[in-house]
Each structure stands twice: as structure tokens, then as C-alpha cells.
file data_2.cif (mmCIF, N, CA and C atoms and all ligand atoms)
data_target
loop_
_atom_site.label_atom_id
_atom_site.label_comp_id
_atom_site.auth_asym_id
_atom_site.auth_seq_id
_atom_site.Cartn_x
_atom_site.Cartn_y
_atom_site.Cartn_z
N MET A 22 -43.81 -22.77 -52.46
CA MET A 22 -43.01 -21.60 -52.15
C MET A 22 -42.92 -20.67 -53.37
N ASP A 23 -43.97 -20.60 -54.15
CA ASP A 23 -43.97 -19.69 -55.29
C ASP A 23 -43.91 -18.24 -54.81
N GLY A 24 -43.17 -17.43 -55.53
CA GLY A 24 -43.12 -16.01 -55.24
C GLY A 24 -42.57 -15.70 -53.87
N VAL A 25 -41.54 -16.41 -53.47
CA VAL A 25 -40.96 -16.18 -52.15
C VAL A 25 -40.38 -14.78 -52.08
N THR A 26 -40.80 -14.03 -51.11
CA THR A 26 -40.23 -12.70 -50.91
C THR A 26 -39.48 -12.63 -49.59
N ASN A 27 -39.73 -13.57 -48.71
CA ASN A 27 -39.03 -13.61 -47.44
C ASN A 27 -38.36 -14.96 -47.32
N VAL A 28 -37.09 -14.96 -47.03
CA VAL A 28 -36.35 -16.20 -46.85
C VAL A 28 -35.81 -16.22 -45.44
N ALA A 29 -36.35 -17.10 -44.62
CA ALA A 29 -35.83 -17.23 -43.26
C ALA A 29 -34.40 -17.72 -43.33
N LEU A 30 -33.54 -17.15 -42.54
CA LEU A 30 -32.12 -17.46 -42.61
C LEU A 30 -31.62 -18.00 -41.29
N SER A 31 -30.59 -18.81 -41.38
CA SER A 31 -29.93 -19.32 -40.19
C SER A 31 -29.08 -18.22 -39.58
N SER A 32 -28.38 -18.55 -38.53
CA SER A 32 -27.38 -17.62 -38.02
C SER A 32 -26.24 -17.54 -39.05
N VAL A 33 -25.47 -16.48 -38.95
CA VAL A 33 -24.43 -16.19 -39.94
C VAL A 33 -23.08 -16.62 -39.40
N ARG A 34 -22.28 -17.23 -40.27
CA ARG A 34 -20.95 -17.68 -39.90
C ARG A 34 -19.92 -16.92 -40.73
N ALA A 35 -18.91 -16.36 -40.10
CA ALA A 35 -17.85 -15.67 -40.84
C ALA A 35 -16.80 -16.69 -41.26
N ASN A 36 -16.44 -16.65 -42.53
CA ASN A 36 -15.45 -17.59 -43.06
C ASN A 36 -14.95 -17.04 -44.39
N ASP A 37 -13.67 -17.21 -44.67
CA ASP A 37 -13.15 -16.77 -45.96
C ASP A 37 -13.37 -17.88 -46.98
N VAL A 38 -14.44 -17.77 -47.75
CA VAL A 38 -14.83 -18.88 -48.62
C VAL A 38 -14.10 -18.90 -49.94
N ASP A 39 -13.47 -17.79 -50.33
CA ASP A 39 -12.81 -17.77 -51.63
C ASP A 39 -11.29 -17.61 -51.52
N GLY A 40 -10.78 -17.67 -50.29
CA GLY A 40 -9.34 -17.71 -50.11
C GLY A 40 -8.62 -16.41 -50.42
N ASN A 41 -9.34 -15.28 -50.44
CA ASN A 41 -8.68 -14.01 -50.73
C ASN A 41 -8.29 -13.27 -49.45
N THR A 42 -8.35 -13.94 -48.32
CA THR A 42 -7.99 -13.46 -46.98
C THR A 42 -8.97 -12.45 -46.42
N GLU A 43 -10.03 -12.11 -47.17
CA GLU A 43 -11.06 -11.23 -46.64
C GLU A 43 -12.24 -12.07 -46.15
N VAL A 44 -12.76 -11.69 -45.01
CA VAL A 44 -13.84 -12.46 -44.40
C VAL A 44 -15.10 -12.40 -45.26
N ASP A 45 -15.73 -13.53 -45.46
CA ASP A 45 -17.03 -13.61 -46.10
C ASP A 45 -18.02 -14.14 -45.06
N PHE A 46 -19.29 -14.09 -45.41
CA PHE A 46 -20.32 -14.57 -44.50
C PHE A 46 -21.08 -15.71 -45.14
N VAL A 47 -21.34 -16.73 -44.38
CA VAL A 47 -22.05 -17.90 -44.87
C VAL A 47 -23.33 -18.03 -44.06
N VAL A 48 -24.44 -18.26 -44.76
CA VAL A 48 -25.72 -18.34 -44.09
C VAL A 48 -26.61 -19.34 -44.83
N GLY A 49 -27.37 -20.11 -44.07
CA GLY A 49 -28.31 -21.05 -44.66
C GLY A 49 -29.67 -20.41 -44.83
N GLY A 50 -30.37 -20.80 -45.89
CA GLY A 50 -31.69 -20.23 -46.15
C GLY A 50 -32.78 -21.29 -46.09
N TYR A 51 -33.96 -20.87 -45.73
CA TYR A 51 -35.11 -21.78 -45.74
C TYR A 51 -35.46 -22.22 -47.15
N ASP A 52 -34.95 -21.46 -48.14
CA ASP A 52 -35.21 -21.78 -49.54
C ASP A 52 -34.34 -22.91 -50.07
N GLY A 53 -33.51 -23.50 -49.21
CA GLY A 53 -32.72 -24.66 -49.63
C GLY A 53 -31.34 -24.32 -50.15
N PHE A 54 -30.92 -23.08 -50.01
CA PHE A 54 -29.60 -22.69 -50.48
C PHE A 54 -28.70 -22.35 -49.30
N LEU A 55 -27.43 -22.66 -49.46
CA LEU A 55 -26.39 -22.15 -48.57
C LEU A 55 -25.73 -20.99 -49.30
N TYR A 56 -25.75 -19.81 -48.70
CA TYR A 56 -25.26 -18.61 -49.35
C TYR A 56 -23.92 -18.19 -48.76
N ALA A 57 -23.03 -17.72 -49.63
CA ALA A 57 -21.79 -17.07 -49.20
C ALA A 57 -21.82 -15.64 -49.73
N LEU A 58 -21.65 -14.69 -48.83
CA LEU A 58 -21.73 -13.28 -49.18
C LEU A 58 -20.43 -12.59 -48.80
N ARG A 59 -20.00 -11.66 -49.65
CA ARG A 59 -18.82 -10.88 -49.33
C ARG A 59 -19.13 -9.88 -48.24
N SER A 60 -18.18 -9.69 -47.31
CA SER A 60 -18.36 -8.63 -46.34
C SER A 60 -18.34 -7.30 -47.08
N GLY A 61 -18.78 -6.27 -46.47
CA GLY A 61 -18.87 -4.98 -47.13
C GLY A 61 -20.23 -4.81 -47.77
N LEU A 62 -20.30 -4.94 -49.09
CA LEU A 62 -21.56 -4.70 -49.80
C LEU A 62 -22.47 -5.92 -49.81
N GLY A 63 -21.96 -7.07 -49.38
CA GLY A 63 -22.80 -8.25 -49.33
C GLY A 63 -23.02 -8.91 -50.67
N ASP A 64 -22.10 -8.70 -51.60
CA ASP A 64 -22.23 -9.35 -52.91
C ASP A 64 -22.22 -10.86 -52.74
N LEU A 65 -22.99 -11.52 -53.58
CA LEU A 65 -23.06 -12.98 -53.53
C LEU A 65 -21.77 -13.58 -54.08
N VAL A 66 -21.13 -14.44 -53.29
CA VAL A 66 -19.96 -15.19 -53.78
C VAL A 66 -20.46 -16.45 -54.47
N TRP A 67 -21.31 -17.19 -53.79
CA TRP A 67 -21.97 -18.34 -54.39
C TRP A 67 -23.22 -18.68 -53.59
N ALA A 68 -24.10 -19.43 -54.25
CA ALA A 68 -25.29 -19.97 -53.59
C ALA A 68 -25.34 -21.44 -53.95
N LEU A 69 -25.22 -22.29 -52.95
CA LEU A 69 -25.15 -23.73 -53.19
C LEU A 69 -26.51 -24.35 -52.90
N PRO A 70 -27.14 -24.97 -53.92
CA PRO A 70 -28.45 -25.58 -53.67
C PRO A 70 -28.32 -26.89 -52.90
N LEU A 71 -28.89 -26.96 -51.72
CA LEU A 71 -28.88 -28.19 -50.92
C LEU A 71 -30.24 -28.86 -50.92
N GLY A 72 -31.26 -28.19 -51.45
CA GLY A 72 -32.54 -28.83 -51.72
C GLY A 72 -33.55 -28.79 -50.59
N LEU A 73 -33.09 -28.52 -49.39
CA LEU A 73 -33.97 -28.48 -48.22
C LEU A 73 -33.54 -27.31 -47.35
N PRO A 74 -34.43 -26.81 -46.49
CA PRO A 74 -34.05 -25.72 -45.61
C PRO A 74 -32.72 -26.00 -44.90
N VAL A 75 -31.89 -24.98 -44.85
CA VAL A 75 -30.51 -25.13 -44.34
C VAL A 75 -30.39 -24.43 -42.98
N GLY A 76 -29.84 -25.14 -42.03
CA GLY A 76 -29.66 -24.59 -40.68
C GLY A 76 -28.34 -23.86 -40.53
N ASP A 77 -27.95 -23.65 -39.29
CA ASP A 77 -26.76 -22.86 -38.97
C ASP A 77 -25.49 -23.54 -39.47
N PRO A 78 -24.74 -22.88 -40.35
CA PRO A 78 -23.48 -23.46 -40.81
C PRO A 78 -22.38 -23.26 -39.77
N ILE A 79 -21.45 -24.17 -39.76
CA ILE A 79 -20.25 -24.02 -38.94
C ILE A 79 -19.05 -24.25 -39.84
N ALA A 80 -17.89 -23.79 -39.41
CA ALA A 80 -16.68 -23.93 -40.21
C ALA A 80 -15.57 -24.50 -39.34
N GLY A 81 -14.76 -25.33 -39.94
CA GLY A 81 -13.61 -25.87 -39.22
C GLY A 81 -12.74 -26.67 -40.17
N ASP A 82 -11.47 -26.73 -39.86
CA ASP A 82 -10.53 -27.48 -40.69
C ASP A 82 -10.40 -28.89 -40.10
N VAL A 83 -11.29 -29.77 -40.51
CA VAL A 83 -11.33 -31.09 -39.87
C VAL A 83 -10.28 -32.04 -40.42
N ASP A 84 -9.73 -31.77 -41.61
CA ASP A 84 -8.71 -32.67 -42.13
C ASP A 84 -7.31 -32.06 -42.07
N ALA A 85 -7.21 -30.92 -41.36
CA ALA A 85 -5.91 -30.30 -41.06
C ALA A 85 -5.08 -30.01 -42.31
N ASP A 86 -5.74 -29.60 -43.41
CA ASP A 86 -4.99 -29.23 -44.61
C ASP A 86 -4.83 -27.71 -44.72
N GLY A 87 -5.23 -26.99 -43.68
CA GLY A 87 -5.10 -25.55 -43.68
C GLY A 87 -6.24 -24.82 -44.34
N ARG A 88 -7.22 -25.55 -44.87
CA ARG A 88 -8.40 -24.96 -45.51
C ARG A 88 -9.63 -25.36 -44.71
N SER A 89 -10.49 -24.40 -44.47
CA SER A 89 -11.69 -24.69 -43.70
C SER A 89 -12.71 -25.44 -44.54
N GLU A 90 -13.38 -26.37 -43.91
CA GLU A 90 -14.57 -26.96 -44.50
C GLU A 90 -15.78 -26.30 -43.84
N LEU A 91 -16.88 -26.25 -44.58
CA LEU A 91 -18.14 -25.75 -44.03
C LEU A 91 -19.06 -26.93 -43.81
N PHE A 92 -19.82 -26.87 -42.72
CA PHE A 92 -20.78 -27.91 -42.40
C PHE A 92 -22.14 -27.23 -42.26
N ALA A 93 -23.11 -27.72 -43.02
CA ALA A 93 -24.42 -27.09 -42.99
C ALA A 93 -25.49 -28.18 -42.86
N PRO A 94 -26.26 -28.16 -41.78
CA PRO A 94 -27.33 -29.14 -41.63
C PRO A 94 -28.51 -28.79 -42.51
N THR A 95 -29.18 -29.82 -43.02
CA THR A 95 -30.42 -29.60 -43.76
C THR A 95 -31.57 -30.28 -43.01
N ALA A 96 -32.77 -29.93 -43.42
CA ALA A 96 -33.98 -30.32 -42.69
C ALA A 96 -34.20 -31.83 -42.66
N ASP A 97 -33.49 -32.57 -43.51
CA ASP A 97 -33.62 -34.03 -43.50
C ASP A 97 -32.72 -34.67 -42.45
N GLY A 98 -31.97 -33.84 -41.70
CA GLY A 98 -31.15 -34.37 -40.63
C GLY A 98 -29.71 -34.64 -41.05
N PHE A 99 -29.39 -34.39 -42.32
CA PHE A 99 -28.02 -34.62 -42.77
C PHE A 99 -27.16 -33.39 -42.51
N LEU A 100 -25.88 -33.64 -42.30
CA LEU A 100 -24.90 -32.57 -42.20
C LEU A 100 -24.10 -32.58 -43.49
N ASN A 101 -24.22 -31.51 -44.26
CA ASN A 101 -23.56 -31.40 -45.56
C ASN A 101 -22.18 -30.76 -45.40
N VAL A 102 -21.19 -31.30 -46.06
CA VAL A 102 -19.84 -30.79 -45.96
C VAL A 102 -19.48 -30.10 -47.27
N VAL A 103 -18.95 -28.87 -47.15
CA VAL A 103 -18.55 -28.09 -48.31
C VAL A 103 -17.11 -27.66 -48.11
N ASP A 104 -16.26 -27.94 -49.09
CA ASP A 104 -14.89 -27.44 -49.05
C ASP A 104 -14.96 -25.97 -49.42
N SER A 105 -14.68 -25.10 -48.46
CA SER A 105 -14.95 -23.69 -48.67
C SER A 105 -13.87 -22.99 -49.46
N GLY A 106 -12.74 -23.61 -49.66
CA GLY A 106 -11.71 -23.01 -50.50
C GLY A 106 -10.78 -22.06 -49.80
N SER A 107 -10.81 -22.03 -48.49
CA SER A 107 -9.89 -21.16 -47.77
C SER A 107 -9.14 -21.96 -46.71
CA CA B 1 -13.00 -13.98 -48.92
CA CA B 2 -9.54 -28.71 -44.39
#

call {"tool": "encode", "arguments": {"input": "data_2.cif", "output": "C-alpha cells"}}
result
Amino acid sequence: MDGVTNVALSSVRANDVDGNTEVDFVVGGYDGFLYALRSGLGDLVWALPLGLPVGDPIAGDVDADGRSELFAPTADGFLNVVDSGS
């Protein structure tokens, strides 16, 4: 994947990943990163390396602590859990 200029992306999930009450967007990339982008100008909040192509992320508060967790599948069949901070 040298010189990647096109990164196939999963569907986009809206989630407040930094807890500032403004919606951010989370998307998985074929390049092995899970990206969080700010709404508006699309500034990068973070890019989490998962090592393998990342599928459609979902968000939900599975432990009922009031903060959403993110779930992102990778090409090896695992579902990765990320505490999104909101
Ligand atoms: Ca936010
Ligand atoms: Ca939670």
C-alpha cells in the first residue's frame, strides 16, 4: 500500500468522541485506521491504528456509564471496542 492516495472508507457514524457536546464523525479506513473527525471543517480529532482494514463503526453505551463506546470491526473478524470519551 505504498503511496496510498485513495482510502476506502466505511460508512460514517455520528458520535461525540471528545465530550464537548458537538457531534463528531467516526469512520473506518481500509488503511487500518479508525478516524474521528470534527463536524464542520472535518478536522481530525484522532486516528486510531487498528492494523487492518476497518469496517462500519457503531456506537452505544453498553456499560450504562453515560459515555458511549465505539465498536469497530476489523478484517480479521474482531470487534474492537474504543471508549470514545463522551
Ligand atoms: Ca465532539
Ligand atoms: Ca459506556

call {"tool": "residues_around", "arguments": {"input": "data_2.cif", "residues": "segment 61-77 of chain A", "least_positions_apart": "5", "cutoff": "5 Å", "atoms": "all atoms listed in the file", "output": "PyMOL selection string"}}
result
chain A and resi 31-32+49-51+53-56+94-96

call {"tool": "residues_near_ligand", "arguments": {"input": "data_2.cif", "ligand": "ligand CA 2 (chain B)", "cutoff": "12 Å", "atoms": "only C-alpha atoms and all ligand atoms", "output": "PDB file with N, CA and C atoms, in the frame of the given file"}}
result
ATOM      1  N   VAL A  38     -14.440 -17.770 -47.750  1.00  0.00           N
ATOM      2  CA  VAL A  38     -14.830 -18.880 -48.620  1.00  0.00           C
ATOM      3  C   VAL A  38     -14.100 -18.900 -49.940  1.00  0.00           C
ATOM      4  N   ALA A  80     -17.890 -23.790 -39.410  1.00  0.00           N
ATOM      5  CA  ALA A  80     -16.680 -23.930 -40.210  1.00  0.00           C
ATOM      6  C   ALA A  80     -15.570 -24.500 -39.340  1.00  0.00           C
ATOM      7  N   GLY A  81     -14.760 -25.330 -39.940  1.00  0.00           N
ATOM      8  CA  GLY A  81     -13.610 -25.870 -39.220  1.00  0.00           C
ATOM      9  C   GLY A  81     -12.740 -26.670 -40.170  1.00  0.00           C
ATOM     10  N   ASP A  82     -11.470 -26.730 -39.860  1.00  0.00           N
ATOM     11  CA  ASP A  82     -10.530 -27.480 -40.690  1.00  0.00           C
ATOM     12  C   ASP A  82     -10.400 -28.890 -40.100  1.00  0.00           C
ATOM     13  N   VAL A  83     -11.290 -29.770 -40.510  1.00  0.00           N
ATOM     14  CA  VAL A  83     -11.330 -31.090 -39.870  1.00  0.00           C
ATOM     15  C   VAL A  83     -10.280 -32.040 -40.420  1.00  0.00           C
ATOM     16  N   ASP A  84      -9.730 -31.770 -41.610  1.00  0.00           N
ATOM     17  CA  ASP A  84      -8.710 -32.670 -42.130  1.00  0.00           C
ATOM     18  C   ASP A  84      -7.310 -32.060 -42.070  1.00  0.00           C
ATOM     19  N   ALA A  85      -7.210 -30.920 -41.360  1.00  0.00           N
ATOM     20  CA  ALA A  85      -5.910 -30.300 -41.060  1.00  0.00           C
ATOM     21  C   ALA A  85      -5.080 -30.010 -42.310  1.00  0.00           C
ATOM     22  N   ASP A  86      -5.740 -29.600 -43.410  1.00  0.00           N
ATOM     23  CA  ASP A  86      -4.990 -29.230 -44.610  1.00  0.00           C
ATOM     24  C   ASP A  86      -4.830 -27.710 -44.720  1.00  0.00           C
ATOM     25  N   GLY A  87      -5.230 -26.990 -43.680  1.00  0.00           N
ATOM     26  CA  GLY A  87      -5.100 -25.550 -43.680  1.00  0.00           C
ATOM     27  C   GLY A  87      -6.240 -24.820 -44.340  1.00  0.00           C
ATOM     28  N   ARG A  88      -7.220 -25.550 -44.870  1.00  0.00           N
ATOM     29  CA  ARG A  88      -8.400 -24.960 -45.510  1.00  0.00           C
ATOM     30  C   ARG A  88      -9.630 -25.360 -44.710  1.00  0.00           C
ATOM     31  N   SER A  89     -10.490 -24.400 -44.470  1.00  0.00           N
ATOM     32  CA  SER A  89     -11.690 -24.690 -43.700  1.00  0.00           C
ATOM     33  C   SER A  89     -12.710 -25.440 -44.540  1.00  0.00           C
ATOM     34  N   GLU A  90     -13.380 -26.370 -43.910  1.00  0.00           N
ATOM     35  CA  GLU A  90     -14.570 -26.960 -44.500  1.00  0.00           C
ATOM     36  C   GLU A  90     -15.780 -26.300 -43.840  1.00  0.00           C
ATOM     37  N   LEU A  91     -16.880 -26.250 -44.580  1.00  0.00           N
ATOM     38  CA  LEU A  91     -18.140 -25.750 -44.030  1.00  0.00           C
ATOM     39  C   LEU A  91     -19.060 -26.930 -43.810  1.00  0.00           C
ATOM     40  N   PHE A  92     -19.820 -26.870 -42.720  1.00  0.00           N
ATOM     41  CA  PHE A  92     -20.780 -27.910 -42.400  1.00  0.00           C
ATOM     42  C   PHE A  92     -22.140 -27.230 -42.260  1.00  0.00           C
ATOM     43  N   VAL A 102     -21.190 -31.300 -46.060  1.00  0.00           N
ATOM     44  CA  VAL A 102     -19.840 -30.790 -45.960  1.00  0.00           C
ATOM     45  C   VAL A 102     -19.480 -30.100 -47.270  1.00  0.00           C
ATOM     46  N   VAL A 103     -18.950 -28.870 -47.150  1.00  0.00           N
ATOM     47  CA  VAL A 103     -18.550 -28.090 -48.310  1.00  0.00           C
ATOM     48  C   VAL A 103     -17.110 -27.660 -48.110  1.00  0.00           C
ATOM     49  N   ASP A 104     -16.260 -27.940 -49.090  1.00  0.00           N
ATOM     50  CA  ASP A 104     -14.890 -27.440 -49.050  1.00  0.00           C
ATOM     51  C   ASP A 104     -14.960 -25.970 -49.420  1.00  0.00           C
ATOM     52  N   SER A 105     -14.680 -25.100 -48.460  1.00  0.00           N
ATOM     53  CA  SER A 105     -14.950 -23.690 -48.670  1.00  0.00           C
ATOM     54  C   SER A 105     -13.870 -22.990 -49.460  1.00  0.00           C
ATOM     55  N   GLY A 106     -12.740 -23.610 -49.660  1.00  0.00           N
ATOM     56  CA  GLY A 106     -11.710 -23.010 -50.500  1.00  0.00           C
ATOM     57  C   GLY A 106     -10.780 -22.060 -49.800  1.00  0.00           C
ATOM     58  N   SER A 107     -10.810 -22.030 -48.490  1.00  0.00           N
ATOM     59  CA  SER A 107      -9.890 -21.160 -47.770  1.00  0.00           C
ATOM     60  C   SER A 107      -9.140 -21.960 -46.710  1.00  0.00           C
TER      61      SER A 107
END

call {"tool": "residues_near_ligand", "arguments": {"input": "data_2.cif", "ligand": "ligand CA 1 (chain B)", "cutoff": "9 Å", "atoms": "only C-alpha atoms and all ligand atoms", "output": "JSON, numbers by chain"}}
result
{"A": [36, 37, 38, 39, 40, 41, 42, 43, 44, 45, 46, 58, 59, 60, 66, 107]}

call {"tool": "atom_distance", "arguments": {"input": "data_2.cif", "atom1": "atom C of Gly98 of chain A", "atom2": "atom C of Asp52 of chain A"}}
result
15.5 Å

call {"tool": "atom_distance", "arguments": {"input": "data_2.cif", "atom1": "atom C of Asn101 of chain A", "atom2": "atom CA of Leu30 of chain A"}}
result
16.8 Å

call {"tool": "select_by_dssp", "arguments": {"input": "data_2.cif", "residues": "chain A", "states": "strand (DSSP E)", "output": "ChimeraX atom specification"}}
result
/A:30-36,45-50,54-59,65-70,79-81,90-94,100-104
